[in-house]
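Trainee: The structure file target.txt (compact mmCIF, C-alpha atoms) is provided below.
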```txt
# COMPACT_ATOMS: atom_id res chain seq x y z
CA MET A 1 34.86 -23.17 34.92
CA ASN A 2 35.40 -20.82 32.05
CA PRO A 3 32.54 -20.65 29.55
CA PRO A 4 33.23 -22.25 26.15
CA LYS A 5 34.36 -19.95 23.40
CA THR A 6 31.62 -19.20 20.87
CA ASP A 7 33.35 -17.41 18.04
CA ALA A 8 30.97 -16.42 15.26
CA ARG A 9 31.25 -18.74 12.30
CA ARG A 10 29.30 -19.52 9.15
CA HIS A 11 26.80 -22.34 9.62
CA HIS A 12 25.49 -22.61 6.07
CA ASP A 13 26.67 -22.97 2.50
CA PRO A 14 26.15 -19.57 0.84
CA GLU A 15 26.02 -21.23 -2.58
CA VAL A 16 22.81 -23.12 -1.76
CA ARG A 17 19.60 -21.55 -3.02
CA GLY A 18 16.06 -22.81 -3.19
CA PHE A 19 12.66 -21.77 -4.44
CA ALA A 20 10.67 -21.94 -1.21
CA SER A 21 10.39 -18.25 -0.39
CA ASP A 22 11.90 -14.87 -1.19
CA ASN A 23 12.31 -14.63 2.59
CA TYR A 24 15.05 -17.26 2.33
CA ALA A 25 17.35 -14.76 0.61
CA GLY A 26 19.84 -12.74 2.61
CA ALA A 27 20.02 -8.97 2.68
CA HIS A 28 21.16 -7.06 -0.38
CA PRO A 29 24.75 -5.77 -0.05
CA GLU A 30 23.58 -2.18 -0.52
CA VAL A 31 21.17 -2.63 2.41
CA LEU A 32 23.95 -4.05 4.58
CA ALA A 33 26.14 -1.09 3.64
CA ALA A 34 23.35 1.28 4.67
CA LEU A 35 23.04 -0.45 8.04
CA ALA A 36 26.75 0.01 8.63
CA LEU A 37 26.42 3.67 7.66
CA ALA A 38 23.67 4.19 10.24
CA ASN A 39 25.65 2.46 12.99
CA GLY A 40 27.91 4.20 15.43
CA GLY A 41 27.25 7.05 17.79
CA HIS A 42 23.93 7.83 19.40
CA GLN A 43 20.63 8.64 17.73
CA VAL A 44 17.32 9.40 19.41
CA SER A 45 15.24 6.25 19.86
CA TYR A 46 11.67 5.32 18.93
CA GLY A 47 11.64 7.08 15.56
CA GLU A 48 12.96 10.53 16.47
CA ASP A 49 16.21 9.81 14.61
CA ALA A 50 17.61 11.43 11.47
CA TYR A 51 17.13 8.31 9.34
CA THR A 52 13.42 7.95 10.10
CA GLU A 53 12.97 11.67 9.47
CA ASN A 54 14.65 11.40 6.07
CA LEU A 55 12.61 8.31 5.22
CA GLN A 56 9.49 10.46 5.25
CA SER A 57 10.69 12.57 2.32
CA VAL A 58 11.77 9.44 0.44
CA VAL A 59 8.35 7.85 0.96
CA ARG A 60 6.60 11.05 -0.16
CA SER A 61 8.59 11.02 -3.38
CA HIS A 62 6.92 7.67 -4.15
CA PHE A 63 3.47 8.11 -2.61
CA GLY A 64 2.65 11.80 -2.59
CA ALA A 65 3.00 14.82 -0.33
CA THR A 66 0.55 13.60 2.33
CA ALA A 67 2.11 10.14 2.79
CA GLU A 68 3.50 9.26 6.21
CA ALA A 69 5.54 6.14 6.96
CA PHE A 70 5.44 4.21 10.23
CA PRO A 71 8.27 1.64 10.20
CA VAL A 72 7.50 -1.71 11.83
CA PHE A 73 9.27 -5.02 12.31
CA ASN A 74 7.41 -7.33 9.91
CA GLY A 75 4.59 -7.76 7.42
CA THR A 76 2.04 -9.28 9.78
CA GLY A 77 2.66 -6.43 12.19
CA ALA A 78 2.19 -3.92 9.39
CA ASN A 79 -1.11 -5.46 8.39
CA VAL A 80 -2.42 -5.70 11.94
CA VAL A 81 -1.50 -2.10 12.75
CA ALA A 82 -2.91 -0.79 9.46
CA LEU A 83 -6.21 -2.63 9.74
CA GLN A 84 -6.73 -1.56 13.35
CA ALA A 85 -6.26 2.05 12.27
CA VAL A 86 -9.25 1.92 9.93
CA THR A 87 -11.73 -0.23 11.89
CA ASP A 88 -13.89 0.17 14.95
CA ARG A 89 -14.10 -2.59 17.55
CA TRP A 90 -17.13 -3.97 15.72
CA GLY A 91 -15.51 -3.58 12.31
CA ALA A 92 -14.78 -6.16 9.63
CA VAL A 93 -12.41 -6.41 6.69
CA ILE A 94 -13.42 -7.86 3.32
CA CYS A 95 -10.60 -9.81 1.69
CA ALA A 96 -9.95 -12.66 -0.71
CA GLU A 97 -10.20 -16.12 0.82
CA SER A 98 -6.60 -16.74 -0.27
CA ALA A 99 -5.32 -13.46 1.23
CA HIS A 100 -2.21 -13.58 3.39
CA ILE A 101 -4.07 -11.90 6.25
CA ASN A 102 -6.51 -14.82 6.20
CA VAL A 103 -4.35 -17.89 5.58
CA ASP A 104 -0.81 -17.06 6.70
CA GLU A 105 -0.96 -14.79 9.73
CA CYS A 106 -2.09 -17.24 12.40
CA GLY A 107 -5.29 -15.29 13.00
CA ALA A 108 -3.33 -12.19 14.05
CA PRO A 109 -5.69 -9.64 12.43
CA GLU A 110 -8.58 -11.22 14.32
CA ARG A 111 -6.86 -12.23 17.59
CA VAL A 112 -4.46 -9.29 17.96
CA GLY A 113 -6.28 -6.70 15.87
CA GLY A 114 -9.68 -7.68 17.24
CA LEU A 115 -11.45 -7.44 13.90
CA LYS A 116 -13.45 -9.82 11.73
CA LEU A 117 -12.30 -11.03 8.30
CA LEU A 118 -15.10 -11.48 5.76
CA THR A 119 -13.59 -13.66 3.03
CA VAL A 120 -14.59 -14.11 -0.59
CA PRO A 121 -13.52 -17.01 -2.85
CA THR A 122 -11.74 -15.80 -5.98
CA PRO A 123 -10.49 -17.66 -9.06
CA ASP A 124 -7.12 -15.87 -9.12
CA GLY A 125 -6.64 -14.18 -5.75
CA LYS A 126 -8.08 -10.87 -6.99
CA LEU A 127 -11.16 -9.10 -5.70
CA THR A 128 -13.59 -7.21 -7.93
CA PRO A 129 -16.45 -4.86 -7.03
CA GLU A 130 -18.87 -7.71 -7.74
CA LEU A 131 -17.01 -10.10 -5.45
CA ILE A 132 -16.79 -7.45 -2.73
CA ASP A 133 -20.57 -7.13 -2.82
CA ARG A 134 -20.90 -10.72 -1.59
CA GLN A 135 -19.82 -9.43 1.83
CA ALA A 136 -20.58 -5.70 1.58
CA TYR A 137 -23.91 -5.52 3.38
CA GLY A 138 -25.50 -5.35 6.83
CA TRP A 139 -24.03 -2.07 8.06
CA ASP A 140 -27.04 -1.45 10.28
CA ASP A 141 -27.34 -5.04 11.48
CA GLU A 142 -26.02 -5.22 15.04
CA HIS A 143 -25.79 -9.01 14.72
CA ARG A 144 -23.13 -8.81 12.01
CA ALA A 145 -19.61 -7.39 12.05
CA MET A 146 -19.68 -4.14 10.09
CA PRO A 147 -17.76 -4.12 6.79
CA GLN A 148 -15.47 -1.11 7.06
CA VAL A 149 -12.41 -1.99 4.99
CA VAL A 150 -11.53 -3.77 1.77
CA SER A 151 -8.03 -5.27 1.86
CA ILE A 152 -6.29 -6.30 -1.35
CA ALA A 153 -2.77 -7.62 -1.90
CA GLN A 154 -0.49 -6.42 -4.68
CA ALA A 155 0.86 -8.82 -5.85
CA THR A 156 -1.71 -11.33 -4.58
CA GLU A 157 -0.96 -14.47 -2.64
CA LEU A 158 -1.35 -16.39 -5.90
CA GLY A 159 1.21 -14.25 -7.72
CA THR A 160 -1.31 -12.33 -9.80
CA VAL A 161 -1.26 -8.55 -10.25
CA TYR A 162 -4.02 -5.94 -10.23
CA THR A 163 -3.95 -3.31 -12.98
CA PRO A 164 -4.27 0.34 -11.92
CA ASP A 165 -7.80 0.41 -13.35
CA GLU A 166 -8.79 -2.64 -11.32
CA ILE A 167 -7.54 -1.05 -8.11
CA ARG A 168 -9.25 2.23 -8.96
CA ALA A 169 -12.56 0.44 -9.52
CA ILE A 170 -12.24 -1.31 -6.16
CA CYS A 171 -11.44 1.94 -4.37
CA GLU A 172 -14.32 3.82 -5.96
CA HIS A 173 -16.70 0.98 -5.10
CA ALA A 174 -15.49 0.67 -1.52
CA HIS A 175 -15.55 4.42 -0.91
CA ALA A 176 -19.08 4.65 -2.30
CA HIS A 177 -20.08 2.25 0.48
CA GLY A 178 -18.20 4.26 3.10
CA MET A 179 -15.39 1.70 3.36
CA LYS A 180 -11.63 2.31 3.34
CA VAL A 181 -9.11 0.42 1.20
CA HIS A 182 -5.95 -1.19 2.55
CA LEU A 183 -3.29 -2.60 0.27
CA ASP A 184 -0.96 -5.37 1.47
CA GLY A 185 2.15 -4.42 -0.46
CA SER A 186 4.66 -6.98 0.73
CA ARG A 187 5.46 -7.48 -2.99
CA LEU A 188 4.27 -4.12 -4.28
CA ALA A 189 7.67 -3.60 -5.90
CA ASN A 190 7.21 -6.75 -7.97
CA ALA A 191 3.79 -5.61 -9.16
CA ALA A 192 5.07 -2.15 -10.12
CA ALA A 193 8.00 -3.73 -11.96
CA THR A 194 5.70 -6.06 -13.88
CA LEU A 195 3.41 -3.23 -14.96
CA ASP A 196 6.29 -0.78 -15.44
CA VAL A 197 4.54 1.93 -13.45
CA PRO A 198 5.49 3.95 -10.34
CA MET A 199 4.22 2.56 -7.06
CA ARG A 200 2.01 5.63 -6.66
CA THR A 201 0.02 4.53 -9.71
CA LEU A 202 -1.08 1.44 -7.81
CA THR A 203 -1.74 3.19 -4.49
CA ASN A 204 -2.53 6.84 -3.79
CA ALA A 205 -3.26 7.67 -7.43
CA ALA A 206 -5.81 4.84 -7.52
CA GLY A 207 -7.49 5.82 -4.25
CA VAL A 208 -5.87 3.46 -1.71
CA ASP A 209 -6.10 4.86 1.83
CA LEU A 210 -3.14 3.11 3.42
CA LEU A 211 -0.73 0.29 2.66
CA SER A 212 1.68 -2.16 4.20
CA LEU A 213 4.94 -1.51 2.38
CA GLY A 214 7.24 -4.51 2.07
CA GLY A 215 10.98 -4.44 2.57
CA THR A 216 12.07 -7.92 3.61
CA LYS A 217 11.04 -9.73 0.43
CA ASN A 218 12.74 -7.02 -1.64
CA GLY A 219 16.21 -7.25 -0.10
CA ALA A 220 15.94 -5.87 3.44
CA LEU A 221 17.32 -7.70 6.46
CA PHE A 222 14.06 -7.02 8.30
CA GLY A 223 11.47 -4.29 8.43
CA GLU A 224 8.38 -3.00 6.68
CA ALA A 225 6.27 0.13 7.06
CA VAL A 226 2.66 1.18 7.30
CA VAL A 227 2.27 4.08 4.88
CA VAL A 228 -0.74 6.29 5.51
CA LEU A 229 -1.91 7.91 2.27
CA ASN A 230 -5.23 9.38 3.39
CA GLN A 231 -4.66 11.10 6.72
CA ASP A 232 -8.41 11.49 7.26
CA ALA A 233 -8.92 7.72 7.08
CA VAL A 234 -6.84 6.71 10.11
CA SER A 235 -6.52 7.51 13.77
CA HIS A 236 -3.96 6.94 16.51
CA MET A 237 -1.34 5.23 14.34
CA LYS A 238 1.47 5.92 16.80
CA HIS A 239 -0.44 4.42 19.69
CA LEU A 240 -1.59 1.41 17.68
CA ARG A 241 1.97 0.66 16.56
CA LYS A 242 3.18 0.63 20.16
CA LEU A 243 0.15 -1.31 21.41
CA SER A 244 0.81 -3.95 18.73
CA MET A 245 4.45 -4.36 19.80
CA GLN A 246 5.75 -2.97 16.50
CA LEU A 247 7.57 0.12 17.77
CA ALA A 248 11.32 -0.37 17.31
CA SER A 249 13.49 1.40 19.87
CA LYS A 250 16.43 1.56 17.44
CA MET A 251 14.18 2.49 14.55
CA ARG A 252 17.02 3.99 12.51
CA PHE A 253 18.02 0.45 11.54
CA VAL A 254 14.60 -0.23 10.01
CA SER A 255 14.34 3.17 8.38
CA VAL A 256 17.77 3.16 6.79
CA GLN A 257 17.03 -0.15 5.07
CA LEU A 258 13.84 1.21 3.54
CA GLU A 259 15.74 4.34 2.54
CA ALA A 260 18.40 2.20 0.83
CA LEU A 261 15.71 0.39 -1.15
CA LEU A 262 13.59 3.42 -2.03
CA ALA A 263 15.87 6.44 -2.32
CA ARG A 264 17.19 5.35 -5.69
CA ASP A 265 16.18 2.34 -7.79
CA LEU A 266 17.30 -0.63 -5.71
CA TRP A 267 13.69 -1.62 -5.02
CA LEU A 268 13.01 -1.71 -8.75
CA ARG A 269 16.22 -3.51 -9.71
CA ASN A 270 15.58 -6.23 -7.16
CA ALA A 271 11.94 -6.65 -8.17
CA ARG A 272 12.68 -6.74 -11.88
CA HIS A 273 15.33 -9.36 -11.41
CA SER A 274 13.18 -11.68 -9.29
CA ASN A 275 10.32 -11.27 -11.78
CA GLU A 276 12.63 -12.10 -14.69
CA MET A 277 13.84 -15.21 -12.93
CA ALA A 278 10.22 -16.31 -12.36
CA GLN A 279 9.53 -15.85 -16.07
CA ARG A 280 12.61 -17.89 -16.94
CA LEU A 281 11.47 -20.58 -14.53
CA ALA A 282 7.95 -20.61 -16.00
CA GLU A 283 9.29 -20.89 -19.55
CA GLY A 284 11.46 -23.84 -18.56
CA VAL A 285 8.65 -25.56 -16.71
CA ARG A 286 6.22 -25.19 -19.61
CA ALA A 287 8.54 -27.36 -21.69
CA VAL A 288 8.28 -30.24 -19.19
CA HIS A 289 5.52 -32.67 -20.15
CA GLY A 290 3.13 -33.43 -17.31
CA VAL A 291 3.65 -30.19 -15.35
CA GLU A 292 0.82 -27.65 -15.27
CA ILE A 293 1.26 -23.97 -14.40
CA LEU A 294 -1.82 -22.92 -12.45
CA TYR A 295 -1.93 -19.11 -12.55
CA PRO A 296 -0.53 -16.35 -14.75
CA VAL A 297 3.09 -15.66 -13.78
CA GLN A 298 2.94 -11.91 -13.18
CA ALA A 299 5.39 -11.34 -10.32
CA ASN A 300 8.07 -13.55 -8.77
CA ALA A 301 5.97 -16.65 -8.05
CA VAL A 302 5.23 -19.75 -10.11
CA PHE A 303 2.42 -22.07 -9.02
CA ALA A 304 2.37 -25.51 -10.59
CA ARG A 305 0.82 -28.97 -10.31
CA LEU A 306 2.90 -32.11 -10.67
CA PRO A 307 2.85 -35.70 -9.41
CA HIS A 308 3.18 -36.02 -5.66
CA ASP A 309 6.11 -38.43 -5.80
CA VAL A 310 8.01 -36.12 -8.14
CA THR A 311 7.56 -33.25 -5.71
CA GLU A 312 8.87 -35.29 -2.79
CA ARG A 313 11.98 -36.33 -4.69
CA LEU A 314 12.58 -32.83 -6.02
CA GLN A 315 12.25 -31.34 -2.53
CA LYS A 316 15.28 -33.39 -1.49
CA ARG A 317 17.30 -31.47 -4.07
CA PHE A 318 15.75 -28.00 -3.75
CA ARG A 319 13.71 -26.41 -0.97
CA PHE A 320 10.14 -25.45 -1.89
CA TYR A 321 6.69 -25.94 -0.42
CA PHE A 322 3.45 -27.65 -1.26
CA TRP A 323 0.67 -25.12 -1.75
CA ASP A 324 -2.12 -27.70 -1.76
CA GLU A 325 -0.64 -31.10 -1.01
CA ALA A 326 -3.85 -33.00 -1.70
CA ALA A 327 -4.07 -31.55 -5.20
CA GLY A 328 -0.34 -31.74 -5.86
CA ASP A 329 0.01 -27.96 -6.13
CA VAL A 330 3.36 -26.34 -5.32
CA ARG A 331 4.76 -22.81 -5.16
CA TRP A 332 8.16 -21.75 -6.46
CA MET A 333 9.46 -18.31 -5.47
CA CYS A 334 12.33 -16.34 -6.98
CA ALA A 335 14.33 -13.72 -5.07
CA PHE A 336 16.59 -10.78 -5.86
CA ASP A 337 19.62 -13.11 -5.71
CA THR A 338 18.20 -15.99 -7.77
CA THR A 339 20.49 -16.59 -10.74
CA GLU A 340 19.89 -17.96 -14.22
CA GLU A 341 22.06 -20.90 -13.22
CA ASP A 342 19.82 -21.56 -10.22
CA VAL A 343 16.74 -21.63 -12.43
CA ASP A 344 18.31 -23.79 -15.12
CA ALA A 345 19.58 -26.29 -12.55
CA PHE A 346 16.12 -26.54 -11.02
CA VAL A 347 14.40 -27.04 -14.38
CA SER A 348 16.96 -29.72 -15.25
CA ALA A 349 16.30 -31.51 -11.96
CA LEU A 350 12.54 -31.29 -12.57
CA LYS A 351 12.96 -32.88 -15.99
CA GLU A 352 15.04 -35.68 -14.50
CA GLU A 353 12.49 -36.44 -11.79
CA MET A 354 9.55 -36.31 -14.20
CA ALA A 355 11.36 -38.80 -16.46
CA ARG A 356 11.84 -41.33 -13.67
```
Go ahead and render the structure in this file as structure tokens.

Mentor:
Amino acid sequence: MNPPKTDARRHHDPEVRGFASDNYAGAHPEVLAALALANGGHQVSYGEDAYTENLQSVVRSHFGATAEAFPVFNGTGANVVALQAVTDRWGAVICAESAHINVDECGAPERVGGLKLLTVPTPDGKLTPELIDRQAYGWDDEHRAMPQVVSIAQATELGTVYTPDEIRAICEHAHAHGMKVHLDGSRLANAAATLDVPMRTLTNAAGVDLLSLGGTKNGALFGEAVVVLNQDAVSHMKHLRKLSMQLASKMRFVSVQLEALLARDLWLRNARHSNEMAQRLAEGVRAVHGVEILYPVQANAVFARLPHDVTERLQKRFRFYFWDEAAGDVRWMCAFDTTEEDVDAFVSALKEEMAR
């Protein structure tokens, strides 16, 4: 028998948008165009291609002359590779209790990376030197995993943003204790857009040793990078990337997406737009009686609390997630392709459900 024909066809309505995650968005047209540009012909595999080579100069224009980018497949992979590069087998990483590496990576830093996470409760997702000190001790105690790294996220998992001075204070404090600083920058573009500063102001200029640089949430089809800022802080990055199954054979297709975002201002345009849509959403929600916004809206996320039954009805009209179902907390995310009409329609639906 002949196999059935399986012509490619669209299986979704491209007009449907939700507020569940910026990962729900497709790829930006300029990124897709860059992928097409990189296609065709043969290029050396495993990162020895022209696009990955050019990405290095693009990354250095943002993060300084010593920066080196190691493209990877995804954000969890970036974090696992980065944290392995700055810890010994007995090492530990201090992070916020709400950090993505702790709550949303299925234990990968610990199971795959083989390190210990030392978590600290925070009121807003942000660490401070004082909070770090709750776990920064016991370096000579063989019974305790050794704190070797402080990991912060910019923006945080709760949508809040560190100022440059706050990051600098953390770096100075960590370095004084002999620890390195890793920055999870899956939404670094959003933080830089909010503060209206270059990304270097929040990273190498503040003392960060290495970062996980996001692409997917900012308009890429897939792909992130580990960016090493302090070459003396890391070891064996190439081997760790391969060992962690994050070495792309056709790496040009990861690198060209990051180049498309970073070479000009696409990263900033996308981040500014998603931030603006989150602000529009927050303003609309504040006018709805009975809905509480939980944290400052400083990037592209809005966290709110509303009645459980309202959330369940609203979820049938728009996709979004509970953040803490028992408390009634939800998270609404905006993306580079979220429109004013999307936001206004959602706020209107929220008002209708709250009035029922």

Trainee: Compile the contact shell of range 301-306 of chain A as number ranges by chain: residues with an atom at most 7 Å away, counting only C-alpha atoms, same-chain residues fewer than 6 positions apart removed.

Mentor: A: 159, 278, 282, 290-295, 328-334

Trainee: Tell me, in Å to one decimal, how far CA of Leu115 in chain A is from CA of Lys238 in chain A.

Mentor: 18.8 Å

Trainee: If I take CA of Val86 in chain A and CA of Glu172 in chain A, how far is one from the other in Å, to one decimal?

Mentor: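 Atom-to-atom, CA of Val86 in chain A and CA of Glu172 in chain A are spaced 16.8 Å apart.
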
Trainee: When you count only C-alpha atoms, which of these residues is closest to Glu352 in chain A: A:His289, A:Lys217, A:His182, A:His11?

Mentor: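 Counting only C-alpha atoms, the residue closest to Glu352 in chain A is A:His289.
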
Trainee: One decimal, in Å: what's the spacing between CA of Leu229 in chain A and CA of Ser21 in chain A?

Mentor: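 That distance, rounded to one decimal, is 29.0 Å.
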
Trainee: Skip Val120 in chain A itself and residues of its chain fewer than 3 positions away, then list as a ChimeraX atom specification all residues within 7 Å of it, counting all atoms listed in the file.

Mentor: /A:95-97,131

Trainee: Can I get the residues of range 201-226 of chain A within 10 Å of range 135-151 of chain A, each with the closest pair of atoms and their distance in Å to one decimal, using only C-alpha atoms, sorted chain first then ascending number, as CSV?

Mentor:
```
residue,atom,partner,partner_atom,distance
A:Val208,CA,A:Ser151,CA,9.7
A:Asp209,CA,A:Val149,CA,9.8
A:Leu210,CA,A:Ser151,CA,9.8
A:Leu211,CA,A:Ser151,CA,9.2
```

Trainee: Would you kindly return, as a ChimeraX atom specification, each protein, DNA or RNA residue with an atom no farther than 12 Å from any atom of Arg111 in chain A, considering only C-alpha atoms and excluding same-chain residues fewer than 3 positions away?

Mentor: /A:80,84,101-102,105-108,114-117,244

Trainee: Give me, as a tab-separated table, each residue of range 238-303 of chain A that comes within 8 Å of range 31-50 of chain A, together with its shortest interatomic pair and the distance in Å at one decimal, counting all atoms listed in the file, with rows ordered by chain and rising residue number.

Mentor:
```
residue	atom	partner	partner_atom	distance
A:Leu247	CA	A:Tyr46	CA	6.7
A:Ala248	CA	A:Tyr46	CA	5.9
A:Ser249	CA	A:Tyr46	CA	4.4
A:Lys250	CA	A:Ser45	CA	5.4
A:Met251	CA	A:Gly47	CA	5.3
A:Arg252	CA	A:Asp49	CA	6.2
A:Phe253	CA	A:Leu35	CA	6.2
A:Val256	CA	A:Ala34	CA	6.3
A:Gln257	CA	A:Val31	CA	5.5
A:Ala260	CA	A:Val31	CA	5.8
A:Leu261	CA	A:Val31	CA	7.2
```
